[in-house]
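What follows is structure05.cif (mmCIF, C-alpha atoms).
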```cif
data_start
loop_
_atom_site.label_atom_id
_atom_site.label_comp_id
_atom_site.auth_asym_id
_atom_site.auth_seq_id
_atom_site.Cartn_x
_atom_site.Cartn_y
_atom_site.Cartn_z
CA MET A 202 12.91 -4.93 -24.78
CA ASN A 203 14.23 -7.32 -22.12
CA LYS A 204 15.53 -4.38 -20.11
CA ASN A 205 12.14 -2.67 -20.31
CA MET A 206 10.36 -5.84 -19.18
CA ASN A 207 12.79 -6.25 -16.30
CA THR A 208 12.15 -2.66 -15.22
CA LEU A 209 8.38 -3.12 -15.50
CA LYS A 210 8.27 -6.31 -13.46
CA LEU A 211 10.36 -4.75 -10.68
CA ILE A 212 8.20 -1.62 -10.62
CA ILE A 213 5.08 -3.77 -10.34
CA PHE A 214 6.63 -5.99 -7.68
CA PHE A 215 7.91 -3.22 -5.42
CA GLY A 216 4.72 -1.18 -5.88
CA ALA A 217 2.66 -4.26 -4.97
CA LEU A 218 4.89 -4.93 -1.96
CA TRP A 219 4.23 -1.40 -0.76
CA GLY A 220 0.52 -1.93 -1.33
CA ILE A 221 0.64 -5.11 0.75
CA PHE A 222 2.28 -3.27 3.66
CA GLU A 223 -0.28 -0.47 3.41
CA ALA A 224 -3.17 -2.95 3.45
CA THR A 225 -1.84 -5.03 6.35
CA LEU A 226 0.56 -3.23 8.68
CA GLY A 227 -0.87 0.19 7.82
CA TYR A 228 -4.42 -0.99 8.43
CA VAL A 229 -3.54 -2.46 11.85
CA LEU A 230 -1.53 0.58 12.95
CA HIS A 231 -4.51 2.88 12.45
CA PHE A 232 -6.25 1.10 15.34
CA ILE A 233 -3.51 2.18 17.76
CA PRO A 234 -4.92 5.12 19.79
CA VAL A 235 -1.80 7.26 19.33
CA PRO A 236 -2.17 9.67 16.38
CA PHE A 237 1.39 9.73 15.04
CA VAL A 238 2.16 6.00 15.23
CA ALA A 239 0.82 4.88 11.83
CA GLY A 240 2.53 7.58 9.78
CA SER A 241 5.76 7.37 11.72
CA ILE A 242 6.09 3.63 11.22
CA MET A 243 4.78 3.37 7.67
CA PHE A 244 7.27 5.85 6.19
CA PRO A 245 10.27 3.69 7.21
CA PHE A 246 8.80 0.70 5.38
CA ALA A 247 7.93 2.85 2.36
CA ALA A 248 11.46 4.25 2.28
CA LEU A 249 12.96 0.76 2.60
CA ILE A 250 10.90 -0.54 -0.32
CA LEU A 251 11.75 2.47 -2.48
CA LEU A 252 15.46 2.20 -1.74
CA LYS A 253 15.56 -1.52 -2.44
CA ALA A 254 13.81 -0.71 -5.72
CA TYR A 255 16.37 2.03 -6.37
CA LYS A 256 19.26 -0.35 -5.83
CA SER A 257 17.64 -2.95 -8.09
CA LEU A 258 16.52 -0.57 -10.85
CA GLU A 259 19.38 1.94 -10.60
CA SER A 260 16.95 4.66 -11.64
CA ARG A 261 15.28 7.39 -9.62
CA LYS A 262 12.68 7.90 -12.36
CA ALA A 263 11.60 4.28 -12.03
CA LEU A 264 10.76 4.94 -8.38
CA LEU A 265 7.97 7.21 -9.57
CA GLY A 266 6.47 4.12 -11.19
CA VAL A 267 6.73 2.20 -7.92
CA GLY A 268 4.87 4.97 -6.11
CA ALA A 269 2.29 5.15 -8.90
CA VAL A 270 1.59 1.41 -8.60
CA ALA A 271 1.23 1.65 -4.81
CA ALA A 272 -1.10 4.66 -5.08
CA SER A 273 -3.14 2.95 -7.81
CA ILE A 274 -3.64 -0.09 -5.60
CA LYS A 275 -5.06 2.17 -2.89
CA ALA A 276 -7.29 3.84 -5.51
CA VAL A 277 -9.19 0.56 -5.85
CA ASN A 278 -11.04 1.64 -2.69
CA PHE A 279 -12.66 4.50 -4.62
CA PHE A 280 -15.00 1.82 -5.97
CA MET A 281 -16.01 0.87 -2.43
CA PRO A 282 -18.55 2.62 -0.16
CA VAL A 283 -15.96 4.62 1.76
CA PHE A 284 -15.42 8.32 2.50
CA ILE A 285 -13.40 9.81 -0.35
CA TRP A 286 -10.71 11.38 1.83
CA LYS A 287 -10.09 8.04 3.54
CA VAL A 288 -8.73 6.93 0.18
CA ALA A 289 -7.31 10.21 -1.12
CA ASN A 290 -5.22 10.95 1.98
CA PRO A 291 -3.22 7.69 1.94
CA MET A 292 -2.75 8.08 -1.81
CA ALA A 293 -1.40 11.59 -1.28
CA SER A 294 1.01 10.38 1.39
CA ILE A 295 2.29 7.65 -0.95
CA ILE A 296 2.89 10.21 -3.69
CA PHE A 297 4.59 12.72 -1.38
CA GLU A 298 6.80 10.04 0.19
CA THR A 299 7.82 8.84 -3.26
CA LEU A 300 8.70 12.32 -4.47
CA MET A 301 10.85 13.08 -1.45
CA VAL A 302 12.72 9.76 -1.56
CA VAL A 303 13.31 10.20 -5.30
CA GLY A 304 14.86 13.58 -4.56
CA VAL A 305 17.45 12.26 -2.11
CA ALA A 306 17.73 8.55 -2.99
CA SER A 307 21.41 8.83 -3.92
CA LEU A 308 22.15 10.40 -0.53
CA MET A 309 20.16 7.76 1.32
CA VAL A 310 22.46 5.04 -0.01
CA SER A 311 25.61 7.06 0.65
CA ARG A 312 28.51 5.38 2.46
CA LYS A 313 28.68 8.31 4.87
CA PRO A 314 26.37 7.73 7.88
CA ALA A 315 25.86 11.44 8.60
CA ILE A 316 24.74 12.11 5.03
CA GLN A 317 22.50 9.05 5.05
CA ALA A 318 20.82 9.94 8.34
CA SER A 319 20.32 13.56 7.25
CA ALA A 320 18.74 12.44 3.97
CA PHE A 321 16.30 10.12 5.73
CA VAL A 322 15.29 12.78 8.25
CA GLY A 323 15.06 15.46 5.57
CA ALA A 324 12.82 13.33 3.34
CA SER A 325 10.61 12.42 6.28
CA ILE A 326 10.12 16.04 7.32
CA ALA A 327 9.65 17.22 3.73
CA TRP A 328 6.88 14.78 2.79
CA ARG A 329 5.04 15.71 5.99
CA ALA A 330 5.36 19.41 5.12
CA LEU A 331 3.76 18.66 1.74
CA PHE A 332 1.02 16.75 3.52
CA LEU A 333 0.25 19.77 5.69
CA GLY A 334 -0.29 21.68 2.45
CA TRP A 335 -2.61 18.90 1.33
CA TYR A 336 -4.61 19.25 4.56
CA ALA A 337 -4.73 23.01 4.05
CA MET A 338 -6.21 22.44 0.58
CA GLN A 339 -8.86 20.21 2.12
CA TYR A 340 -9.73 22.90 4.65
CA VAL A 341 -10.09 25.56 1.95
CA THR A 342 -12.23 23.34 -0.29
CA THR A 343 -14.33 21.44 2.27
CA GLY A 344 -14.06 23.30 5.56
CA PHE A 345 -12.63 20.23 7.29
CA LEU A 346 -9.88 21.23 9.73
CA ALA A 347 -7.52 18.33 10.38
CA ASP A 348 -5.90 18.16 13.81
CA GLN A 349 -2.48 18.36 12.18
CA ILE A 350 -3.12 21.95 11.01
CA SER A 351 -5.19 23.15 13.97
CA SER A 352 -2.28 25.20 15.37
CA ILE A 353 1.34 26.12 14.73
CA GLY A 354 2.34 23.77 17.53
CA THR A 355 0.57 20.74 16.06
CA MET A 356 2.00 21.52 12.61
CA MET A 357 5.54 21.70 14.01
CA SER A 358 5.01 18.50 15.96
CA PHE A 359 3.64 16.66 12.93
CA ALA A 360 6.25 17.82 10.45
CA VAL A 361 9.41 18.32 12.49
CA LEU A 362 9.28 16.24 15.67
CA GLN A 363 7.38 13.25 14.33
CA GLY A 364 9.13 13.63 10.99
CA ALA A 365 12.59 13.49 12.57
CA PHE A 366 11.61 10.47 14.68
CA SER A 367 10.20 8.65 11.65
CA GLY A 368 13.25 9.54 9.55
CA LEU A 369 15.67 8.14 12.14
CA LEU A 370 13.52 5.05 12.46
CA ALA A 371 13.64 4.65 8.66
CA TYR A 372 17.41 5.02 8.70
CA GLY A 373 17.74 2.36 11.39
CA LEU A 374 15.43 -0.02 9.52
CA PHE A 375 17.37 0.43 6.28
CA ILE A 376 20.77 -0.12 7.94
CA GLY A 377 19.46 -3.15 9.82
CA PHE A 378 17.93 -4.70 6.71
CA GLU A 379 21.10 -4.09 4.70
CA ALA A 380 23.17 -5.82 7.39
CA LEU A 381 20.74 -8.74 7.56
CA GLN A 382 20.67 -9.10 3.78
CA SER A 383 24.47 -9.11 3.64
CA ARG A 384 24.75 -11.60 6.48
CA LEU A 385 22.22 -14.01 4.98
CA SER A 386 23.31 -13.37 1.37
CA ILE A 387 19.72 -12.72 0.26
CA ASN A 388 19.35 -12.18 -3.48
CA LEU A 389 15.98 -11.02 -4.74
CA ARG A 390 14.76 -12.82 -7.86
CA VAL A 391 11.56 -11.55 -9.41
CA ASN A 392 9.84 -12.65 -12.60
CA MET A 393 6.71 -11.20 -14.18
CA ALA A 394 4.52 -13.98 -12.81
CA SER A 395 5.59 -13.35 -9.21
CA ALA A 396 5.22 -9.59 -9.71
CA LEU A 397 1.65 -10.01 -10.97
CA ILE A 398 0.82 -12.43 -8.15
CA ALA A 399 2.06 -9.84 -5.65
CA LEU A 400 -0.10 -7.23 -7.37
CA ILE A 401 -3.20 -9.44 -7.14
CA ILE A 402 -2.50 -10.10 -3.46
CA ALA A 403 -2.07 -6.37 -2.78
CA ILE A 404 -5.34 -5.48 -4.49
CA SER A 405 -7.20 -8.29 -2.67
CA LEU A 406 -5.86 -7.21 0.71
CA THR A 407 -6.69 -3.57 -0.01
CA ILE A 408 -10.32 -4.46 -0.67
CA ALA A 409 -10.69 -7.06 2.08
CA PRO A 410 -10.52 -4.87 5.24
CA LEU A 411 -13.44 -2.74 4.06
#
```

Encoded form using structure tokens:
Amino acid sequence: MNKNMNTLKLIIFFGALWGIFEATLGYVLHFIPVPFVAGSIMFPFAALILLKAYKSLESRKALLGVGAVAASIKAVNFFMPVFIWKVANPMASIIFETLMVVGVASLMVSRKPAIQASAFVGASIAWRALFLGWYAMQYVTTGFLADQISSIGTMMSFAVLQGAFSGLLAYGLFIGFEALQSRLSINLRVNMASALIALIIAISLTIAPL
């Protein structure tokens, strides 16, 4: 029972932490008039959170819970007067990012730099490829043609070029944070109360900008 509670509190905490980043940094980045900036920068933070959760939980399956919490926090906006796809698209990206990191998490924490870097880049490109499929589904069902799927060139740029850039950025962020954590001897201590407080903060911040 204690192990299950420990797993639950960490899933809630890391999912809430992701929700906080989405509601603050992600919200600000969308005001930058360069289309690929938000997605390229947010994936590195998502990957960092998922990998720290992976190292704490020692379970890839538990990462699905972290992604579910983060997506559920975003789903709160469905109760607000906002265009449905403005909520559904970020939720989809959270789910796709989670699935791809889960698939290669063990490689991302490898001691071999080449394997690590390849895993980060591969996951970044793969979740974007899934997102292109998501946009294609929107086009078929609603007629809305997103810029990302308007041509072969824009699809390649979104998935491969921006994906590779974002993946390398994620790799650098992870390595830098690991070095900083080791240097400062930072040990994360989370209890259920702090996890729930983080969840409340994430939900509040998600609602606030609207």

Quick check, in Å to one decimal: how far apart do atom CA of A:Phe375 and atom CA of A:Phe244 lie? 11.5 Å

If you take all atoms listed in the file and a cut-off of 12 Å, which residues of stretch 302-403 of chain A touch stretch 267-277 of chain A, and what are their nearest atom pairs and distances in Å to one decimal, in chain and number order, as a Markdown table?
```
| residue | atom | partner | partner_atom | distance |
| --- | --- | --- | --- | --- |
| A:Val302 | CA | A:Gly268 | CA | 10.3 |
| A:Val303 | CA | A:Gly268 | CA | 10.0 |
| A:Ala396 | CA | A:Val270 | CA | 11.6 |
| A:Leu397 | CA | A:Val270 | CA | 11.7 |
| A:Ala399 | CA | A:Ile274 | CA | 11.3 |
| A:Leu400 | CA | A:Ile274 | CA | 8.2 |
| A:Ile401 | CA | A:Ile274 | CA | 9.5 |
| A:Ile402 | CA | A:Ile274 | CA | 10.3 |
| A:Ala403 | CA | A:Ile274 | CA | 7.1 |
```

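The two atoms in question, atom CA of A:Met281 and atom CA of A:Ala224, are spaced 14.6 Å apart.
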
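Here the PyMOL selection byres ((chain A and resi 356) around 12) catches exactly these residues: Ile326, Arg329, Ala330, Leu331, Phe332, Leu333, Gly334, Tyr336, Ala337, Ala347, Asp348, Gln349, Ile350, Ser351, Ser352, Ile353, Gly354, Thr355, Met357, Ser358, Phe359, Ala360, Val361, Leu362, Gln363 and Gly364 of chain A.
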
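Nearest residue to A:Leu370 among A:Leu211, A:Leu264, A:Leu249, A:Val288 is A:Leu249, counting all atoms listed in the file.
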
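In terms of minimum interatomic distance to A:Ile316, A:Tyr372 ranks closest within A:Glu379, A:Tyr372, A:Leu346, A:Lys253, counting all atoms listed in the file.
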
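With distances taken over all atoms listed in the file, A:Ala247 is the one residue among A:Ala247, A:Met393, A:Leu252, A:Ala315 lying closest to A:Ile295.
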
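Picture a line from atom CA of A:Pro282 to atom CA of A:Ile212; it runs 29.0 Å.
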
Find the nearest atom pair between each residue of stretch 221-308 of chain A and stretch 382-389 of chain A for residues within 12 Å, count only C-alpha atoms, give distances in Å to one decimal, sort rows by chain and ascending number, and present the table as CSV.
```
residue,atom,partner,partner_atom,distance
A:Lys253,CA,A:Leu389,CA,9.8
A:Ala254,CA,A:Leu389,CA,10.6
A:Lys256,CA,A:Leu389,CA,11.2
A:Ser257,CA,A:Leu389,CA,8.9
```

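Of the residues listed (A:Met338, A:Ala371, A:Ala293, A:Leu230), A:Ala371 shows the shortest atom-to-atom separation from A:Leu251; distances use all atoms listed in the file.
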
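Restricting the calculation to only C-alpha atoms, the smallest distance between A:Gly220 and any of A:Met292, A:Ile233, A:Met301, A:Ala306 is found for A:Met292.
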
I want to know what sits within 8 Å of A:Asn392, based on only C-alpha atoms, with residues of the same chain fewer than 3 positions away left out; could you give that as a PyMOL selection string? chain A and resi 207+210+395-396

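Look at everything within 10 Å of (-0.8, 2.0, 9.4) using all atoms listed in the file, and the residues you get are Phe222, Glu223, Ala224, Thr225, Leu226, Gly227, Tyr228, Val229, Leu230, His231, Phe232, Ile233, Phe237, Val238, Ala239, Gly240, Ser241, Ile242, Met243, Phe244 and Pro291 of chain A.
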
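If you measure from each of A:Phe279, A:Ser367, A:Ser294, A:Ile376 to A:Gln317 using only C-alpha atoms, the closest one turns out to be A:Ile376.
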
Missing atoms in stretch 332-347 of chain A need filling: write out N, CA, C and O atoms for it as a PDB file, in the frame of the given file.
```pdb
ATOM      1  N   PHE A 332       2.324  17.258   3.080  1.00  0.00           N
ATOM      2  CA  PHE A 332       1.020  16.750   3.520  1.00  0.00           C
ATOM      3  C   PHE A 332       0.239  17.804   4.290  1.00  0.00           C
ATOM      4  O   PHE A 332      -0.997  17.835   4.222  1.00  0.00           O
ATOM      5  N   LEU A 333       0.938  18.664   5.016  1.00  0.00           N
ATOM      6  CA  LEU A 333       0.250  19.770   5.690  1.00  0.00           C
ATOM      7  C   LEU A 333      -0.402  20.685   4.651  1.00  0.00           C
ATOM      8  O   LEU A 333      -1.509  21.194   4.866  1.00  0.00           O
ATOM      9  N   GLY A 334       0.297  20.902   3.533  1.00  0.00           N
ATOM     10  CA  GLY A 334      -0.290  21.680   2.450  1.00  0.00           C
ATOM     11  C   GLY A 334      -1.521  21.002   1.876  1.00  0.00           C
ATOM     12  O   GLY A 334      -2.509  21.662   1.517  1.00  0.00           O
ATOM     13  N   TRP A 335      -1.472  19.685   1.804  1.00  0.00           N
ATOM     14  CA  TRP A 335      -2.610  18.900   1.330  1.00  0.00           C
ATOM     15  C   TRP A 335      -3.812  19.073   2.266  1.00  0.00           C
ATOM     16  O   TRP A 335      -4.948  19.263   1.828  1.00  0.00           O
ATOM     17  N   TYR A 336      -3.548  19.031   3.590  1.00  0.00           N
ATOM     18  CA  TYR A 336      -4.610  19.250   4.560  1.00  0.00           C
ATOM     19  C   TYR A 336      -5.169  20.673   4.464  1.00  0.00           C
ATOM     20  O   TYR A 336      -6.382  20.893   4.635  1.00  0.00           O
ATOM     21  N   ALA A 337      -4.287  21.631   4.196  1.00  0.00           N
ATOM     22  CA  ALA A 337      -4.730  23.010   4.050  1.00  0.00           C
ATOM     23  C   ALA A 337      -5.664  23.148   2.844  1.00  0.00           C
ATOM     24  O   ALA A 337      -6.675  23.870   2.900  1.00  0.00           O
ATOM     25  N   MET A 338      -5.342  22.436   1.770  1.00  0.00           N
ATOM     26  CA  MET A 338      -6.210  22.440   0.580  1.00  0.00           C
ATOM     27  C   MET A 338      -7.578  21.857   0.911  1.00  0.00           C
ATOM     28  O   MET A 338      -8.604  22.375   0.477  1.00  0.00           O
ATOM     29  N   GLN A 339      -7.589  20.803   1.708  1.00  0.00           N
ATOM     30  CA  GLN A 339      -8.860  20.210   2.120  1.00  0.00           C
ATOM     31  C   GLN A 339      -9.687  21.202   2.928  1.00  0.00           C
ATOM     32  O   GLN A 339     -10.909  21.307   2.759  1.00  0.00           O
ATOM     33  N   TYR A 340      -9.023  21.931   3.804  1.00  0.00           N
ATOM     34  CA  TYR A 340      -9.730  22.900   4.650  1.00  0.00           C
ATOM     35  C   TYR A 340     -10.361  24.002   3.800  1.00  0.00           C
ATOM     36  O   TYR A 340     -11.516  24.394   4.006  1.00  0.00           O
ATOM     37  N   VAL A 341      -9.601  24.486   2.826  1.00  0.00           N
ATOM     38  CA  VAL A 341     -10.090  25.560   1.950  1.00  0.00           C
ATOM     39  C   VAL A 341     -11.273  25.084   1.106  1.00  0.00           C
ATOM     40  O   VAL A 341     -12.246  25.811   0.898  1.00  0.00           O
ATOM     41  N   THR A 342     -11.210  23.837   0.636  1.00  0.00           N
ATOM     42  CA  THR A 342     -12.230  23.340  -0.290  1.00  0.00           C
ATOM     43  C   THR A 342     -13.443  22.711   0.405  1.00  0.00           C
ATOM     44  O   THR A 342     -14.544  22.709  -0.146  1.00  0.00           O
ATOM     45  N   THR A 343     -13.234  22.158   1.603  1.00  0.00           N
ATOM     46  CA  THR A 343     -14.330  21.440   2.270  1.00  0.00           C
ATOM     47  C   THR A 343     -14.698  21.999   3.639  1.00  0.00           C
ATOM     48  O   THR A 343     -15.763  21.672   4.168  1.00  0.00           O
ATOM     49  N   GLY A 344     -13.798  22.786   4.223  1.00  0.00           N
ATOM     50  CA  GLY A 344     -14.060  23.300   5.560  1.00  0.00           C
ATOM     51  C   GLY A 344     -13.611  22.360   6.660  1.00  0.00           C
ATOM     52  O   GLY A 344     -13.722  22.688   7.851  1.00  0.00           O
ATOM     53  N   PHE A 345     -13.103  21.186   6.286  1.00  0.00           N
ATOM     54  CA  PHE A 345     -12.630  20.230   7.290  1.00  0.00           C
ATOM     55  C   PHE A 345     -11.256  20.636   7.796  1.00  0.00           C
ATOM     56  O   PHE A 345     -10.324  20.792   7.017  1.00  0.00           O
ATOM     57  N   LEU A 346     -11.139  20.828   9.122  1.00  0.00           N
ATOM     58  CA  LEU A 346      -9.880  21.230   9.730  1.00  0.00           C
ATOM     59  C   LEU A 346      -9.249  20.027  10.421  1.00  0.00           C
ATOM     60  O   LEU A 346      -9.703  19.588  11.477  1.00  0.00           O
ATOM     61  N   ALA A 347      -8.216  19.484   9.807  1.00  0.00           N
ATOM     62  CA  ALA A 347      -7.520  18.330  10.380  1.00  0.00           C
ATOM     63  C   ALA A 347      -6.749  18.763  11.629  1.00  0.00           C
ATOM     64  O   ALA A 347      -6.281  19.912  11.720  1.00  0.00           O
TER      65      ALA A 347
END
```
